[in-house]
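> Just protein12.txt, nothing more (compact mmCIF, C-alpha atoms):
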```txt
# COMPACT_ATOMS: atom_id res chain seq x y z
CA MET P 1 10.02 62.11 -26.51
CA LYS P 2 13.74 62.71 -26.65
CA ASP P 3 15.24 65.03 -29.18
CA ILE P 4 17.50 63.31 -31.72
CA SER P 5 20.22 65.90 -31.13
CA GLU P 6 20.34 64.86 -27.48
CA MET P 7 21.29 61.29 -28.45
CA ASN P 8 24.69 62.08 -29.77
CA SER P 9 26.49 61.05 -26.66
CA GLU P 10 27.35 57.39 -26.13
CA SER P 11 25.42 57.03 -22.87
CA ASN P 12 22.28 58.54 -24.36
CA LYS P 13 22.38 56.12 -27.26
CA TYR P 14 22.91 53.25 -24.87
CA GLU P 15 20.01 54.37 -22.67
CA ARG P 16 17.80 54.88 -25.71
CA ILE P 17 18.48 51.41 -27.08
CA THR P 18 18.01 49.68 -23.72
CA ASP P 19 14.85 51.71 -23.15
CA ILE P 20 13.44 50.47 -26.47
CA LEU P 21 14.36 46.89 -25.63
CA LYS P 22 12.84 47.16 -22.13
CA LYS P 23 9.54 48.39 -23.52
CA SER P 24 9.51 45.77 -26.27
CA ARG P 25 9.01 42.64 -24.23
CA PRO P 26 9.12 39.45 -26.28
CA VAL P 27 5.62 38.18 -26.97
CA LEU P 28 4.97 34.55 -26.15
CA THR P 29 2.82 33.20 -28.97
CA GLY P 30 1.13 29.82 -28.76
CA SER P 31 1.04 29.87 -24.97
CA GLU P 32 -1.89 27.40 -24.96
CA ALA P 33 0.19 24.85 -26.87
CA ILE P 34 3.00 25.32 -24.35
CA GLU P 35 0.55 24.83 -21.46
CA GLU P 36 -0.79 21.68 -23.11
CA ASN P 37 2.71 20.30 -23.73
CA VAL P 38 3.74 21.03 -20.16
CA MET P 39 0.64 19.33 -18.74
CA GLU P 40 1.21 16.31 -21.01
CA ARG P 41 4.85 16.00 -19.95
CA ILE P 42 3.76 16.25 -16.33
CA ARG P 43 1.14 13.52 -16.87
CA VAL P 44 3.78 11.22 -18.40
CA ARG P 45 6.24 11.92 -15.58
CA ARG P 46 3.55 11.40 -12.95
CA LYS P 47 2.67 8.05 -14.50
CA ALA P 48 6.32 7.01 -14.56
CA THR P 49 6.74 8.15 -10.96
CA GLU P 50 3.66 6.23 -9.83
CA SER P 51 4.77 3.01 -11.49
CA TYR P 52 8.22 3.53 -10.04
CA ASN P 53 6.70 4.00 -6.59
CA PHE P 54 4.70 0.76 -6.97
CA LEU P 55 7.81 -1.23 -7.93
CA ASP P 56 9.77 0.55 -5.26
CA HIS P 57 7.10 -0.37 -2.73
CA LEU P 58 7.28 -4.03 -3.75
CA PHE P 59 11.02 -4.48 -4.15
CA GLY P 60 12.44 -1.43 -2.45
CA TRP P 61 13.63 -3.47 0.50
CA VAL P 62 16.47 -4.88 -1.62
CA TYR P 63 18.09 -1.44 -1.50
CA ILE P 64 18.36 -1.50 2.30
CA GLY P 65 22.06 -1.88 3.10
CA TRP P 66 21.96 -4.54 5.77
CA VAL P 67 19.33 -6.60 3.88
CA ARG P 68 21.50 -6.49 0.78
CA SER P 69 24.66 -7.61 2.58
CA GLY P 70 22.62 -10.28 4.41
CA LEU P 71 21.35 -11.64 1.10
CA VAL P 72 24.87 -11.71 -0.33
CA ALA P 73 26.16 -13.57 2.75
CA ALA P 74 23.26 -16.05 2.61
CA SER P 75 23.86 -16.77 -1.08
CA VAL P 76 27.59 -17.33 -0.45
CA ILE P 77 26.77 -19.75 2.39
CA ILE P 78 24.23 -21.63 0.25
CA ILE P 79 26.73 -21.96 -2.63
CA ALA P 80 29.48 -23.17 -0.25
CA PHE P 81 27.06 -25.68 1.33
CA PHE P 82 26.10 -26.95 -2.12
CA VAL P 83 29.74 -27.42 -3.17
CA VAL P 84 30.63 -29.26 0.08
CA GLN P 85 27.58 -31.50 -0.21
CA GLN P 86 28.38 -32.36 -3.81
CA SER P 87 31.96 -33.28 -2.90
CA ILE P 88 30.73 -35.50 -0.03
CA ILE P 89 28.26 -37.25 -2.35
CA LEU P 90 30.98 -37.84 -4.96
CA LYS P 91 33.32 -39.20 -2.29
CA ARG P 92 30.65 -41.61 -1.05
CA ILE P 93 29.88 -42.81 -4.57
CA ASN P 94 33.60 -43.49 -5.15
CA ASN P 95 33.78 -45.42 -1.85
CA LEU P 96 30.75 -47.49 -2.76
CA GLU P 97 32.26 -48.36 -6.12
CA ARG P 98 35.41 -49.63 -4.40
CA GLN P 99 33.58 -51.49 -1.60
CA GLU P 100 33.46 -55.37 -1.36
CA ILE P 101 29.93 -56.75 -0.89
CA PRO P 102 29.82 -59.71 1.58
CA ILE P 103 27.62 -62.54 0.39
CA ASN P 104 26.74 -65.37 2.76
CA PRO P 105 28.89 -67.46 3.29
CA SER P 106 31.61 -66.43 0.80
CA PHE P 107 32.81 -63.06 -0.65
CA VAL P 108 32.14 -61.99 -4.20
CA LYS P 109 34.48 -59.35 -5.50
CA GLY P 110 33.73 -57.70 -8.81
CA VAL P 111 32.02 -59.94 -11.34
CA HIS P 112 32.28 -63.61 -12.17
CA ASP P 113 33.11 -64.34 -15.76
CA VAL P 114 30.72 -67.30 -16.00
CA PHE P 115 27.63 -66.33 -14.00
CA GLU P 116 27.67 -62.57 -14.36
CA PRO P 117 24.97 -62.25 -17.05
CA ALA P 118 22.72 -64.94 -15.58
CA PHE P 119 22.84 -64.63 -11.80
CA MET P 120 21.92 -61.63 -9.77
CA LEU P 121 22.47 -61.30 -6.08
CA ASP P 122 19.30 -61.00 -4.04
CA THR P 123 20.67 -59.11 -1.08
CA ARG P 124 17.49 -59.56 1.05
CA SER P 125 17.48 -63.38 0.86
CA GLY P 126 21.24 -63.83 0.38
CA LYS P 127 20.63 -66.22 -2.53
CA PHE P 128 21.49 -66.16 -6.21
CA SER P 129 18.57 -66.06 -8.57
CA LEU P 130 18.07 -66.10 -12.29
CA LYS P 131 16.42 -62.86 -13.39
CA GLY P 132 15.06 -62.45 -16.88
CA GLY P 133 18.21 -63.84 -18.52
CA THR P 134 19.05 -67.04 -20.38
CA LEU P 135 22.10 -69.32 -20.00
CA SER P 136 24.19 -70.06 -23.02
CA ASP P 137 25.23 -73.67 -23.92
CA ARG P 138 28.80 -72.99 -22.84
CA GLN P 139 27.63 -71.70 -19.44
CA LEU P 140 25.33 -74.74 -19.01
CA LYS P 141 28.15 -77.15 -19.83
CA LEU P 142 30.47 -75.36 -17.40
CA LEU P 143 27.79 -75.53 -14.69
CA GLU P 144 27.14 -79.21 -15.36
CA LYS P 145 30.88 -79.97 -15.32
CA SER P 146 31.41 -78.08 -12.03
CA ILE P 147 28.45 -79.94 -10.43
CA ASN P 148 29.78 -83.32 -11.66
CA ASP P 149 33.28 -82.45 -10.38
CA LEU P 150 31.81 -81.45 -7.07
CA GLN P 151 29.79 -84.70 -6.87
CA THR P 152 32.86 -86.80 -7.78
CA SER P 153 34.97 -85.00 -5.19
CA TYR P 154 32.21 -85.46 -2.62
CA SER P 155 31.92 -89.22 -3.44
CA ASN P 156 35.72 -89.65 -3.21
CA LEU P 157 35.77 -87.83 0.10
CA ILE P 158 32.92 -89.98 1.53
CA LYS P 159 34.63 -93.13 0.26
CA LEU P 160 37.92 -92.01 1.83
CA ILE P 161 36.23 -91.40 5.16
CA GLU P 162 34.38 -94.73 5.01
CA ASP P 163 37.59 -96.59 4.26
CA ASN P 164 39.42 -95.03 7.21
CA PRO P 165 37.62 -95.71 10.55
CA GLU P 166 40.04 -93.53 12.54
CA LEU P 167 39.43 -90.55 10.33
CA LYS P 168 35.68 -91.20 10.50
CA GLN P 169 35.82 -91.33 14.28
CA TYR P 170 37.92 -88.16 14.39
CA LEU P 171 35.52 -86.23 12.12
CA GLU P 172 32.46 -87.40 14.07
CA ASN P 173 34.09 -86.19 17.30
CA LYS P 174 34.95 -82.85 15.74
CA LEU P 175 31.43 -82.38 14.39
CA SER P 176 29.85 -83.24 17.73
CA GLU P 177 32.19 -80.68 19.48
CA LYS P 178 31.23 -78.05 16.99
CA ASP P 179 27.52 -78.74 17.61
CA LYS P 180 28.05 -78.44 21.36
CA LYS P 181 29.81 -75.07 20.95
CA LYS P 182 26.91 -73.77 18.91
CA ILE P 183 24.45 -74.89 21.56
CA ASN P 184 26.55 -73.25 24.30
CA LEU P 185 26.60 -70.02 22.39
CA MET G 1 1.08 38.75 -12.69
CA ILE G 2 1.89 35.50 -10.92
CA GLU G 3 -0.78 34.71 -8.33
CA LEU G 4 0.91 33.89 -5.08
CA GLU G 5 -2.13 31.98 -3.78
CA LEU G 6 -1.80 29.46 -6.62
CA ILE G 7 1.91 29.08 -5.90
CA GLU G 8 1.11 28.44 -2.24
CA GLU G 9 -1.44 25.75 -3.22
CA CYS G 10 1.12 24.01 -5.43
CA ARG G 11 3.80 24.35 -2.76
CA LYS G 12 1.50 22.41 -0.43
CA GLY G 13 1.02 19.67 -3.01
CA ASP G 14 -2.27 20.77 -4.62
CA PHE G 15 -1.61 20.86 -8.37
CA ARG G 16 -5.20 21.28 -9.57
CA ASN G 17 -4.49 24.86 -10.70
CA PHE G 18 -0.97 24.27 -11.97
CA ARG G 19 -2.09 25.10 -15.53
CA LYS G 20 -2.85 28.65 -14.33
CA VAL G 21 0.61 28.85 -12.80
CA VAL G 22 2.08 27.80 -16.14
CA ALA G 23 -0.02 30.44 -17.93
CA SER G 24 1.07 33.24 -15.61
CA ALA G 25 4.74 32.27 -15.18
CA SER G 26 5.55 31.34 -18.80
CA PRO G 27 5.83 34.91 -20.16
CA PHE G 28 8.46 35.81 -17.54
CA ALA G 29 10.51 32.70 -18.27
CA PHE G 30 10.10 33.23 -22.01
CA SER G 31 11.24 36.85 -21.81
CA VAL G 32 14.51 35.95 -20.08
CA ALA G 33 15.15 32.84 -22.18
CA PHE G 34 14.39 34.62 -25.45
CA ARG G 35 16.57 37.64 -24.60
CA ILE G 36 19.49 35.43 -23.58
CA LEU G 37 19.22 32.88 -26.38
CA GLY G 38 17.76 35.02 -29.18
CA ASP G 39 15.73 32.13 -30.60
CA GLU G 40 11.97 31.86 -30.17
CA ASP G 41 11.62 28.09 -30.58
CA ILE G 42 14.51 27.26 -28.27
CA ALA G 43 13.18 29.75 -25.73
CA LYS G 44 9.79 27.99 -25.85
CA ASP G 45 11.48 24.63 -25.22
CA ILE G 46 13.34 26.16 -22.29
CA VAL G 47 10.03 27.47 -20.92
CA GLN G 48 8.49 24.01 -21.09
CA GLU G 49 11.45 22.40 -19.35
CA THR G 50 11.38 25.15 -16.73
CA MET G 51 7.69 24.55 -16.00
CA VAL G 52 8.22 20.79 -15.63
CA THR G 53 11.10 21.46 -13.22
CA ILE G 54 8.87 23.83 -11.26
CA TRP G 55 6.20 21.12 -11.02
CA GLU G 56 8.80 18.67 -9.75
CA LYS G 57 10.47 20.95 -7.19
CA ILE G 58 7.96 23.58 -6.17
CA GLY G 59 7.63 21.93 -2.76
CA ASN G 60 11.27 22.81 -2.05
CA ILE G 61 10.95 26.62 -2.21
CA LYS G 62 11.08 28.30 1.18
CA SER G 63 8.43 30.95 0.58
CA THR G 64 5.92 31.94 -2.05
CA GLU G 65 7.55 35.38 -2.38
CA ALA G 66 10.76 33.73 -3.57
CA PHE G 67 8.95 32.09 -6.50
CA LYS G 68 9.80 34.72 -9.13
CA THR G 69 13.53 34.65 -8.32
CA TRP G 70 13.40 30.86 -8.32
CA LEU G 71 11.64 30.87 -11.70
CA TYR G 72 14.37 33.10 -13.16
CA ARG G 73 17.07 30.90 -11.62
CA ILE G 74 15.71 27.75 -13.23
CA THR G 75 15.33 29.51 -16.58
CA TYR G 76 18.83 31.01 -16.36
CA ASN G 77 20.38 27.62 -15.51
CA LYS G 78 18.61 25.91 -18.40
CA CYS G 79 19.76 28.67 -20.79
CA CYS G 80 23.35 28.28 -19.55
CA ASP G 81 23.14 24.51 -20.03
CA TYR G 82 21.89 25.02 -23.58
CA LEU G 83 24.60 27.58 -24.41
CA ARG G 84 27.28 25.32 -22.94
CA LYS G 85 26.11 22.42 -25.10
CA LYS G 86 25.58 24.28 -28.35
CA LYS G 87 28.07 27.16 -28.08
CA VAL G 88 25.62 29.35 -30.01
CA ASN G 89 27.38 32.61 -29.34
CA ALA G 90 30.54 31.63 -31.16
CA GLU G 91 28.67 31.53 -34.46
CA VAL G 92 26.98 34.94 -34.23
CA ARG G 93 28.44 37.69 -36.43
CA ALA G 94 26.94 41.15 -36.67
CA ASP G 95 26.64 42.67 -40.08
CA GLU G 96 26.11 46.17 -41.43
CA LYS G 97 22.46 45.45 -42.07
CA GLY G 98 21.92 44.72 -38.40
CA TRP G 99 23.64 47.89 -37.26
CA LYS G 100 21.70 49.91 -39.84
CA PHE G 101 18.45 48.60 -38.38
CA ILE G 102 19.59 49.43 -34.82
CA SER G 103 20.68 52.89 -35.91
CA ASP G 104 17.33 53.58 -37.57
CA THR G 105 15.48 52.30 -34.51
CA VAL G 106 17.49 54.38 -32.06
CA LEU G 107 17.31 57.52 -34.13
CA SER G 108 13.59 57.28 -34.89
CA GLU G 109 11.43 59.94 -33.29
CA HIS G 110 8.77 57.62 -31.92
CA ASN G 111 9.08 54.52 -29.77
CA PRO G 112 8.86 51.61 -32.19
CA GLU G 113 6.96 48.40 -31.41
CA LEU G 114 9.51 45.70 -32.09
CA GLU G 115 8.68 42.16 -33.11
CA ASN G 116 10.34 39.13 -31.56
CA LYS G 117 12.68 38.69 -34.52
CA GLU G 118 13.80 42.32 -34.36
CA ILE G 119 14.36 42.13 -30.60
CA ALA G 120 16.42 38.96 -31.06
CA MET G 121 18.49 40.55 -33.82
CA ILE G 122 19.23 43.74 -31.83
CA ILE G 123 20.28 41.79 -28.73
CA LYS G 124 22.44 39.44 -30.79
CA VAL G 125 24.21 42.33 -32.50
CA LEU G 126 24.74 44.25 -29.28
CA THR G 127 26.00 41.29 -27.27
CA GLU G 128 28.02 39.42 -29.89
CA ARG G 129 31.30 40.17 -28.13
CA LEU G 130 30.05 39.32 -24.66
CA SER G 131 30.45 36.05 -22.81
CA PRO G 132 27.24 34.16 -21.91
CA THR G 133 27.56 35.34 -18.29
CA GLN G 134 28.00 38.98 -19.28
CA LYS G 135 25.09 38.70 -21.65
CA ALA G 136 22.87 37.14 -18.99
CA VAL G 137 23.79 39.84 -16.45
CA PHE G 138 23.11 42.58 -19.01
CA VAL G 139 19.73 41.07 -19.93
CA MET G 140 18.63 40.61 -16.33
CA CYS G 141 19.86 43.97 -15.06
CA ASP G 142 19.28 46.39 -17.94
CA LEU G 143 16.37 44.70 -19.74
CA GLU G 144 14.50 42.70 -17.08
CA GLU G 145 15.28 45.40 -14.48
CA LEU G 146 16.20 43.02 -11.71
CA SER G 147 18.27 44.25 -8.77
CA HIS G 148 21.84 43.14 -8.18
CA GLU G 149 20.64 41.20 -5.14
CA GLU G 150 18.09 39.29 -7.21
CA ILE G 151 20.65 38.58 -9.95
CA SER G 152 23.03 37.34 -7.29
CA GLU G 153 20.38 34.91 -6.04
CA ILE G 154 19.53 33.78 -9.58
CA THR G 155 23.06 33.29 -10.88
CA GLY G 156 24.85 32.42 -7.65
CA MET G 157 27.49 35.08 -8.40
CA SER G 158 28.71 37.63 -5.88
CA ARG G 159 27.51 41.23 -6.21
CA ARG G 160 31.03 42.36 -6.97
CA ASN G 161 31.23 39.86 -9.79
CA ILE G 162 27.87 40.99 -11.11
CA LYS G 163 28.98 44.64 -11.05
CA ALA G 164 32.19 43.76 -12.88
CA ASN G 165 30.36 41.75 -15.54
CA LEU G 166 27.75 44.47 -15.98
CA HIS G 167 30.41 47.19 -16.23
CA PHE G 168 32.27 45.22 -18.89
CA ALA G 169 29.05 44.48 -20.81
CA ARG G 170 27.93 48.13 -20.77
CA LYS G 171 31.38 49.30 -21.82
CA ARG G 172 31.55 46.88 -24.75
CA ILE G 173 28.03 47.70 -25.94
CA GLY G 174 28.72 51.46 -25.49
CA GLU G 175 31.87 51.20 -27.60
CA MET G 176 30.02 49.38 -30.35
CA VAL G 177 27.11 51.82 -30.25
CA GLU G 178 29.56 54.71 -30.58
CA ARG G 179 31.33 53.04 -33.47
CA TYR G 180 28.34 51.91 -35.54
CA ILE G 181 25.53 54.39 -34.76
```
Can you turn what I pasted into structure tokens?


Amino acid sequence: MKDISEMNSESNKYERITDILKKSRPVLTGSEAIEENVMERIRVRRKATESYNFLDHLFGWVYIGWVRSGLVAASVIIIAFFVVQQSIILKRINNLERQEIPINPSFVKGVHDVFEPAFMLDTRSGKFSLKGGTLSDRQLKLLEKSINDLQTSYSNLIKLIEDNPELKQYLENKLSEKDKKKINL
Amino acid sequence: MIELELIEECRKGDFRNFRKVVASASPFAFSVAFRILGDEDIAKDIVQETMVTIWEKIGNIKSTEAFKTWLYRITYNKCCDYLRKKKVNAEVRADEKGWKFISDTVLSEHNPELENKEIAMIIKVLTERLSPTQKAVFVMCDLEELSHEEISEITGMSRRNIKANLHFARKRIGEMVERYI
């Protein structure tokens, strides 16, 4: 034990106070609770690490540099291909809309104001057919009139040919030549 | 005492006895943290964080013998982080009551058994004018009795720097002791 009179100097006081503090180590109370908390925090972290490892195992390959850049390049190519294909399809649709459809033996362009609702083109047989529609009175009259006109014109033409033997002879010759050409072909 | 065999087991990845490591290492970490921070609850939190860090990184230590220094280093770093965030030291002001208690303690004829609160108060009063680094060096050298080499490993400071900080800390505390006691 040091004498109090010896502690008058500054260094002695300093040594005395540090000596007291050295010997008085802080006491850790509740160490069991600290142990328990530490073990619990470790359990939680271990769980998180394990789940992370599982996900990492499954999808970790996306973090590989060359795989990542490859995927980016592939996606860019796919998007570009899609855009090009769409533009080609649109172009083709526009072309089809503008295209004239040949119908044997004449050409039909667009729609006919009289027959449009009633007649549909059967492209396989090349014939007009009535599909599920009805003709109005006006359309029937127009059809009847055009047939009558056609018959009258046909009758006039036949009469004209009959009346003119030279013309008849000429037409018969022409028709027979045409038939011969067909046979030759 | 910290059992080196248990540390070696953990270092190799066997954590079955880690609870024993926590039990034996906690008092050392608590002592440093409490003396630097002066707050029991915060020091306990620091101890818990230190133990979790040890669990995470114990495989990285080179040898079992280096465990104690490593333990102090982790504790010291966590204390520094805390002080940096909270700036606790700026708020501490010593009063006459504190110095009266220190004076009575120093001048008493027998060696008193101090409680945690009293230890915290004495250290706070003595180190109020020290920077966190000076305080840490003082605690580790004069209270924890670590060598300059060990403190250098723990703090990452050069020995010269440690000597300078310690000299300044001792001088400041000596001046205050002379003035108030």

> Stretch 7-14 of chain G: which residues within 6 Å, counting only C-alpha atoms, same-chain residues fewer than 2 positions away excluded, as a ChimeraX atom specification?

/G:4-5,16,58-59,64

> Compare G:Lys44, G:Lys20, G:Arg35, G:Arg73 by their minimum atom-to-atom distance to G:Thr155, counting only C-alpha atoms, and give me the closest one.

G:Arg73

> Could you state the separation of atom CA of G:Met140 and atom CA of G:Lys57 in Å, given to one decimal place?

23.2 Å

> Pick the closest to chain P from G:Lys62, G:Lys124, G:Arg84, G:Lys117: which is it, counting all atoms listed in the file?

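Distance minimum relative to chain P lands on G:Lys117.
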
> Which residues, written as a list in words, have at least one atom at most 9 Å from P:Val62, with only C-alpha atoms counted and residues fewer than 4 positions away on the same chain left out?

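Listed by chain and then number, they are Val67, Arg68 and Leu71 of chain P.
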
> Any idea what the distance is between atom CA of G:Phe34 and atom CA of G:Lys100?

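Atom CA of G:Lys100 lies 22.2 Å from atom CA of G:Phe34.
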
> Which centre and edge lengths in Å to one decimal define the box along x, y and z that fits every listed atom of stretch 73-89 of chain G plus 4 Å per side, as JSON?


```
{"center_x": 21.7, "center_y": 27.5, "center_z": -20.8, "size_x": 20.7, "size_y": 18.2, "size_z": 26.4}
```

> So that each row is one residue of chain G with an atom at most 6 Å from chain P, can you give its shortest atom pair and the distance in Å to one decimal, using only C-alpha atoms, rows by chain and rising number, as a tab-separated table?


```
residue	atom	partner	partner_atom	distance
G:Ser31	CA	P:Pro26	CA	5.6
G:Gln48	CA	P:Val38	CA	5.7
G:Val106	CA	P:Ile17	CA	5.9
G:Leu114	CA	P:Ser24	CA	5.8
G:Asn116	CA	P:Pro26	CA	5.4
G:Leu143	CA	P:Lys22	CA	4.9
G:Glu178	CA	P:Glu10	CA	5.6
```

> To one decimal place in Å, what is the distance between atom CA of G:Phe101 and atom CA of G:Glu40?

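If I compute the distance from atom CA of G:Phe101 to atom CA of G:Glu40, I get 19.7 Å.
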
> I want to know what sits within 10 Å of G:Ser158, based on only C-alpha atoms, with residues of the same chain fewer than 6 positions away left out; could you give that as a ChimeraX atom specification?

/G:148-149,151-152,164
